[in-house]
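Here the structure is laid out as structure tokens; the discussion comes afterwards.
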Amino acid sequence: MNAMSLTGSGLPAARMRKRLALVVAVMALIIATVGLPGTAAHASASHATSSKSTLTIPVVAPFTGVDAALGPKYETACLAATEQANKLGGILGHQVNCKTVDTRGDPADAVPAVRQMYATTSNIAFVIGCTSDEASTVVPVFGASNTVSFCMTGESEFDSVKFPYFFRLVPPDAADAVAMVAIAKNKGYNKIALAFGNDAGSQTFVQPALDAIAKVKSMSVVSNQTLDISATTFETEAQSIVSAHPDVILMEALGAAGVALLSEVYQLNGNKMIPVIGTSAMIDPTFYSGITKAVGVQNFISAFDADNQVSTAATPAYPLFKRLVLAQSGKVKGVGNFSTLLSANGTVHLYDGINLAFLAMSMSGSTNGSAYKADILKIADGVPGAKVVTSLQAGLVALKAGKKIRYEGVGGFYSFDAFHTSFGAFEDTQYTASGGTVNAGTLPATELNSL
């Protein structure tokens with residue numbers, strides 16, 4: 001996996017026109033929402049809080065639409081982290097709450113949703129969520145408003161363009177796709193079928209996967225299906241996949257679409273599962289519940305792997321995280337088995353990101369993004385003499401004692417590059433019969449770099 005595989009090498013003309021249209025819409029939003037730099041409107045948008053008022057963390061993500069499974073994962077992370085913060089007396093004396101902002105997984109819908117968020121929400125501490133579906137349109141808005149954002153986007157444009165208020169705790173989609181191919185290679189699969197949704201977030205995996213497959217002499221793509229994830233049946237695509245006799249299907253199709261496709265593949269294949277390798281987004285309780293009802297628990301778990309960032313119960317931060325996440329059961333719509341979220345990228349890393357932001361606020365003595373964003377880097381990367389802390393409480397105690405700190409979260413340590421991206425090693429994740437997950441093998445950087 002080289003630098004080119006992460007950054008890409010140019011965009012088709014049609015895509016460039018679409019991006020230009022989005023940029024125009026974003027600039028209009030920035031002016032309408034926060035004013036031009038130097039104006040009163042812009043100044044008021046840049047200041048987050050009044051004395052001891054409640055801070056709000058907007059969860060900007062799909063809660064409806066084809067990627068509706070993503071939002072609840074992120075909301076759970078927010079509720080878990082803020083529950084602990086509020087029990088500790090809040091952040092700099094402020095209590096904290098969460099607010100969902102539904103982008104519907106569409107950049108066109110995300111723009112007015114964010115406009116409404118700024119118009120109706122005071123004391124925004126920072127934003128979490130912002131997936132590959134809409135990040136390219138909303139991240140510039142957050143930056144113009146001096147709002148720190150922790151986004152779950154793998155889009156390649158964030159690999160080489162610096163947004164000062166943007167932080168990413170997950171890998172680029174290109175790296176995710178390479179990890180999927182590495183798992184297939186390790187399992188001896190050579191005939192590869194691709195099945196990815198037609199949404200922007202899923203399509204970003206396709207070309208990197210094709211590039212990685214091309215580097216393995218024994219591998220070939222026998223079927224490449226683009227799935228209309230608003231559809232309810234995929235008989236044509238399923239038949240094409242089964243007729244190609246693949247060793248494995250690499251895929252991302254969230255929620256009902258993934259369930260429908262694999263159910264039809266199962267039926268057309270004589271009620272036998274074709275092995276599947278999914279993206280980390282398919283570590284999802286809604287998907288797990290649907291597919292196991294359709295094909296049976298053992299049939300599914302014996303044939304499914306997903307690439308994921310390494311996140312194990314061995315980290316010191318995990319026990320508290322587990323307790324806080326499971327305590328949200330029944331509070332978040334759209335989540336079935338909450339234990340599945342204990343290794344879900346969106347829940348694990350956003351929980352850590354929220355704690356990083358809370359500690360940075362406390363370190364800087366300010367809730368304004370312009371004042372505390374630099375301290376996020378100091379606390380994540382560490383400075384000489386820093387004390388390692390594994391919880392918000394331990395960090396607050398150390399800061400009060402005048403100590404420098406480095407945060408080790410559920411996802412381990414975070415080290416940000418020049419473009420504020422941090423991600424560590426990958427693993428091959430498998431489901432258990434209870435809906436939990438296990439690490440079936442770690443994928444070292446040397447192996448990924450070879451692809």
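Ordered as shown in the structure tokens, chains take letters A, B, and onward, while each chain numbers its residues from 1 and ligands are numbered from 1 in the order shown.
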Which polymer residues have any atom within 10 Å of an atom of segment 235-251 of chain A, counting only C-alpha atoms, with same-chain residues fewer than 5 positions away left out, as a ChimeraX atom specification?
/A:177,180-181,184,187-197,202,205-206,209,220-227,258,260-270,273-279,282,303-306
Where does segment 43-99 of chain A meet segment 126-130 of chain A within 12 Å, residue by residue, with the nearest atom pair and distance in Å to one decimal for each, counting only C-alpha atoms, listed by chain and rising number, as a tab-separated table?
```
residue	atom	partner	partner_atom	distance
A:Ser46	CA	A:Phe126	CA	11.5
A:His47	CA	A:Phe126	CA	11.5
A:Ala48	CA	A:Phe126	CA	8.9
A:Thr49	CA	A:Phe126	CA	11.4
A:Leu55	CA	A:Phe126	CA	9.0
A:Thr56	CA	A:Phe126	CA	7.7
A:Ile57	CA	A:Val127	CA	5.6
A:Pro58	CA	A:Val127	CA	5.2
A:Val59	CA	A:Ile128	CA	5.1
A:Val60	CA	A:Gly129	CA	5.0
A:Ala61	CA	A:Cys130	CA	5.2
A:Pro62	CA	A:Cys130	CA	8.4
A:Phe63	CA	A:Gly129	CA	10.9
A:Asp67	CA	A:Cys130	CA	11.9
A:Leu70	CA	A:Gly129	CA	8.7
A:Gly71	CA	A:Gly129	CA	7.4
A:Pro72	CA	A:Gly129	CA	10.1
A:Lys73	CA	A:Gly129	CA	9.4
A:Tyr74	CA	A:Gly129	CA	6.3
A:Glu75	CA	A:Gly129	CA	8.6
A:Thr76	CA	A:Gly129	CA	11.3
A:Ala77	CA	A:Ile128	CA	9.5
A:Cys78	CA	A:Ile128	CA	8.2
A:Leu79	CA	A:Ile128	CA	11.8
A:Val96	CA	A:Phe126	CA	11.0
A:Asn97	CA	A:Phe126	CA	11.3
A:Cys98	CA	A:Val127	CA	9.6
A:Lys99	CA	A:Val127	CA	9.6
```
I need the residues from that last selection saved to file as a compact mmCIF listing (two decimals), in the first residue's frame (with N, CA and C atoms), if you can.
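again31.txt was written with the following content:
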```
# COMPACT_ATOMS: atom_id res chain seq x y z
N SER A 46 -17.98 31.81 16.17
CA SER A 46 -16.68 31.27 16.54
C SER A 46 -16.56 31.03 18.04
N HIS A 47 -17.47 31.54 18.84
CA HIS A 47 -17.36 31.42 20.29
C HIS A 47 -18.41 30.46 20.80
N ALA A 48 -17.96 29.44 21.53
CA ALA A 48 -18.82 28.31 21.81
C ALA A 48 -19.74 28.50 23.01
N THR A 49 -19.26 29.10 24.09
CA THR A 49 -20.03 28.98 25.32
C THR A 49 -20.16 30.27 26.09
N LEU A 55 -22.88 22.37 27.29
CA LEU A 55 -22.22 22.18 26.00
C LEU A 55 -22.99 21.14 25.20
N THR A 56 -22.99 21.31 23.89
CA THR A 56 -23.68 20.37 23.02
C THR A 56 -22.69 19.76 22.02
N ILE A 57 -22.79 18.44 21.86
CA ILE A 57 -22.01 17.73 20.84
C ILE A 57 -22.97 17.23 19.78
N PRO A 58 -23.03 17.88 18.62
CA PRO A 58 -23.86 17.37 17.54
C PRO A 58 -23.25 16.11 16.93
N VAL A 59 -24.10 15.11 16.72
CA VAL A 59 -23.71 13.88 16.03
C VAL A 59 -24.22 14.03 14.60
N VAL A 60 -23.34 14.46 13.69
CA VAL A 60 -23.72 14.78 12.31
C VAL A 60 -23.47 13.54 11.46
N ALA A 61 -24.53 12.82 11.10
CA ALA A 61 -24.38 11.52 10.45
C ALA A 61 -25.73 11.07 9.90
N PRO A 62 -25.74 10.00 9.10
CA PRO A 62 -27.03 9.47 8.63
C PRO A 62 -27.79 8.76 9.75
N PHE A 63 -29.02 9.18 9.97
CA PHE A 63 -29.92 8.48 10.88
C PHE A 63 -31.13 7.93 10.13
N ASP A 67 -27.86 4.62 4.67
CA ASP A 67 -26.76 4.41 5.63
C ASP A 67 -27.19 4.72 7.06
N LEU A 70 -25.39 3.88 10.52
CA LEU A 70 -24.17 4.51 11.03
C LEU A 70 -24.44 5.45 12.20
N GLY A 71 -25.44 6.29 12.08
CA GLY A 71 -25.71 7.30 13.10
C GLY A 71 -25.84 6.75 14.51
N PRO A 72 -26.62 5.68 14.71
CA PRO A 72 -26.78 5.16 16.08
C PRO A 72 -25.48 4.70 16.72
N LYS A 73 -24.53 4.19 15.94
CA LYS A 73 -23.23 3.81 16.50
C LYS A 73 -22.53 5.02 17.10
N TYR A 74 -22.60 6.13 16.37
CA TYR A 74 -21.91 7.34 16.80
C TYR A 74 -22.63 7.99 17.98
N GLU A 75 -23.96 7.97 17.94
CA GLU A 75 -24.73 8.52 19.05
C GLU A 75 -24.43 7.77 20.34
N THR A 76 -24.29 6.45 20.24
CA THR A 76 -23.96 5.65 21.42
C THR A 76 -22.63 6.08 22.02
N ALA A 77 -21.63 6.31 21.16
CA ALA A 77 -20.33 6.78 21.65
C ALA A 77 -20.48 8.10 22.39
N CYS A 78 -21.28 9.00 21.85
CA CYS A 78 -21.48 10.30 22.47
C CYS A 78 -22.17 10.17 23.82
N LEU A 79 -23.21 9.37 23.88
CA LEU A 79 -23.94 9.21 25.14
C LEU A 79 -23.06 8.56 26.20
N VAL A 96 -22.68 18.34 29.64
CA VAL A 96 -22.56 18.09 28.20
C VAL A 96 -23.72 17.21 27.74
N ASN A 97 -24.30 17.54 26.59
CA ASN A 97 -25.31 16.66 26.02
C ASN A 97 -25.03 16.40 24.55
N CYS A 98 -25.78 15.47 23.98
CA CYS A 98 -25.61 15.08 22.58
C CYS A 98 -26.85 15.48 21.79
N LYS A 99 -26.65 15.81 20.53
CA LYS A 99 -27.76 16.18 19.65
C LYS A 99 -27.55 15.52 18.30
```
Give me the residues near Ile301 of chain A as a PyMOL selection string, where near means some atom within 7 Å (using only C-alpha atoms) and where sequence neighbours in that chain fewer than 4 positions away do not count.
chain A and resi 297+431-432
Since we have the selection now, will you write its residues out, keeping C-alpha atoms, as a JSON list (two decimals), in the first residue's frame?
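The file below, part10.json, is the result:
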```json
[["chain", "number", "residue", "atom", "x", "y", "z"],
["A", 297, "VAL", "CA", -26.16, -17.91, 12.98],
["A", 431, "TYR", "CA", -18.47, -12.46, 14.76],
["A", 432, "THR", "CA", -19.29, -14.78, 17.63]]
```
Do you know which residues are at most 9 Å from segment 357-369 of chain A counting only C-alpha atoms, after dropping those on the same chain fewer than 5 positions away, and could you put them as a PyMOL selection string?
chain A and resi 46-49+55+85+91-92+123-126+146-148+165+352+374-379+392+395-396+399-400+404+407
Can you tell me, as a PyMOL selection string, what residues are no more than 9 Å from Ser339 of chain A when counting only C-alpha atoms, ignoring any on the same chain fewer than 2 positions away?
chain A and resi 285+322+325-326+336-337+341-343+434-437
Could you jot down the atom CA of Thr131 of chain A to atom CA of Tyr318 of chain A separation for me, Å, one decimal place?
24.4 Å
Write out as an mmCIF file with C-alpha atoms, in the first residue's frame the set of residues from segment 87-220 of chain A that DSSP, computed on the backbone, places in alpha helix (DSSP H).
```
data_model
loop_
_atom_site.group_PDB
_atom_site.id
_atom_site.type_symbol
_atom_site.label_atom_id
_atom_site.label_comp_id
_atom_site.auth_asym_id
_atom_site.auth_seq_id
_atom_site.Cartn_x
_atom_site.Cartn_y
_atom_site.Cartn_z
ATOM 1 C CA LYS A 87 -20.804 12.246 36.497
ATOM 2 C CA PRO A 107 -24.266 15.776 0.777
ATOM 3 C CA ALA A 108 -27.222 17.723 -0.596
ATOM 4 C CA ASP A 109 -29.242 17.021 2.562
ATOM 5 C CA ALA A 110 -26.247 17.502 4.854
ATOM 6 C CA VAL A 111 -25.796 21.152 3.875
ATOM 7 C CA PRO A 112 -29.223 22.400 5.077
ATOM 8 C CA ALA A 113 -29.046 20.062 8.100
ATOM 9 C CA VAL A 114 -25.804 21.689 9.225
ATOM 10 C CA ARG A 115 -27.211 25.156 8.485
ATOM 11 C CA GLN A 116 -30.150 24.348 10.747
ATOM 12 C CA MET A 117 -27.796 22.967 13.390
ATOM 13 C CA TYR A 118 -25.868 26.233 13.629
ATOM 14 C CA ALA A 119 -29.053 28.288 13.572
ATOM 15 C CA THR A 120 -30.720 26.422 16.430
ATOM 16 C CA ALA A 135 -17.772 14.960 4.886
ATOM 17 C CA SER A 136 -16.482 16.797 1.807
ATOM 18 C CA THR A 137 -19.328 19.317 2.086
ATOM 19 C CA VAL A 138 -19.539 19.803 5.840
ATOM 20 C CA VAL A 139 -15.921 19.724 7.055
ATOM 21 C CA PRO A 140 -15.122 23.134 5.460
ATOM 22 C CA VAL A 141 -18.177 24.562 7.218
ATOM 23 C CA PHE A 142 -17.065 23.249 10.582
ATOM 24 C CA GLY A 143 -13.634 24.765 10.030
ATOM 25 C CA ALA A 144 -15.044 28.150 9.035
ATOM 26 C CA ASP A 173 -10.949 3.879 2.660
ATOM 27 C CA ALA A 174 -8.012 2.922 0.455
ATOM 28 C CA ALA A 175 -6.258 1.360 3.446
ATOM 29 C CA ASP A 176 -9.490 -0.352 4.488
ATOM 30 C CA ALA A 177 -9.841 -1.888 1.024
ATOM 31 C CA VAL A 178 -6.250 -3.110 1.034
ATOM 32 C CA ALA A 179 -6.838 -4.800 4.392
ATOM 33 C CA MET A 180 -9.805 -6.676 2.914
ATOM 34 C CA VAL A 181 -7.622 -7.970 0.080
ATOM 35 C CA ALA A 182 -4.930 -8.973 2.581
ATOM 36 C CA ILE A 183 -7.446 -11.094 4.496
ATOM 37 C CA ALA A 184 -8.526 -12.755 1.239
ATOM 38 C CA LYS A 185 -4.904 -13.458 0.348
ATOM 39 C CA ASN A 186 -4.194 -14.962 3.774
ATOM 40 C CA ALA A 200 -20.387 7.541 -2.046
ATOM 41 C CA GLY A 201 -19.087 5.986 1.141
ATOM 42 C CA SER A 202 -19.111 2.456 -0.293
ATOM 43 C CA GLN A 203 -17.853 3.263 -3.765
ATOM 44 C CA VAL A 206 -13.811 -0.220 -5.133
ATOM 45 C CA GLN A 207 -10.809 1.167 -7.017
ATOM 46 C CA PRO A 208 -8.329 0.635 -4.162
ATOM 47 C CA ALA A 209 -9.549 -2.970 -3.882
ATOM 48 C CA LEU A 210 -9.117 -3.494 -7.619
ATOM 49 C CA ASP A 211 -5.614 -2.019 -7.471
ATOM 50 C CA ALA A 212 -4.613 -4.276 -4.572
ATOM 51 C CA ILE A 213 -6.066 -7.389 -6.218
ATOM 52 C CA ALA A 214 -4.082 -6.629 -9.379
#
```
Where does DSSP see strand (DSSP E or B) in segment 110-178 of chain A, if you list the residues as number ranges by chain?
A: 124, 127-131, 149-152, 166-168
In Å, rounded to a single decimal, give me how far atom CA of Ser450 of chain A is from atom CA of Val438 of chain A.
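Distance reported for this atom pair: 25.3 Å.
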Which residue, A:Phe423, A:Phe150, A:Phe338, A:Phe321, has the smallest gap to Thr390 of chain A when you use only C-alpha atoms?
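Checking each candidate against Thr390 of chain A, we get A:Phe321 as the closest.
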Point-to-point distance in Å for atom CA of Thr103 of chain A and atom CA of Ala327 of chain A
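Straight-line distance from atom CA of Ala327 of chain A to atom CA of Thr103 of chain A works out to 26.2 Å.
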Gly290 of chain A proximity check over A:Val410, A:Leu254, A:Ala314, A:Ala68, using only C-alpha atoms: winner is A:Leu254
Using only C-alpha atoms, determine which residues lie at most 8 Å from Phe300 of chain A, disregarding the query and same-chain residues fewer than 5 positions distant; provide the list as a ChimeraX atom specification.
/A:273,291-292,295
Next, the residues of the selection above should be written as a compact mmCIF listing (two decimals), in the first residue's frame with C-alpha atoms.
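Output contents, as saved in result_1.txt:
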```
# COMPACT_ATOMS: atom_id res chain seq x y z
CA MET A 273 -22.86 -19.30 2.13
CA ILE A 291 -28.47 -11.73 8.17
CA THR A 292 -28.44 -14.32 10.97
CA VAL A 295 -29.33 -17.68 6.87
```
For Asp428 of chain A, the nearest of the candidates A:Thr64, A:Gln328, A:Gln309, A:Asn299, counting only C-alpha atoms
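Answer, going by the shortest atom-to-atom distance: A:Gln309.
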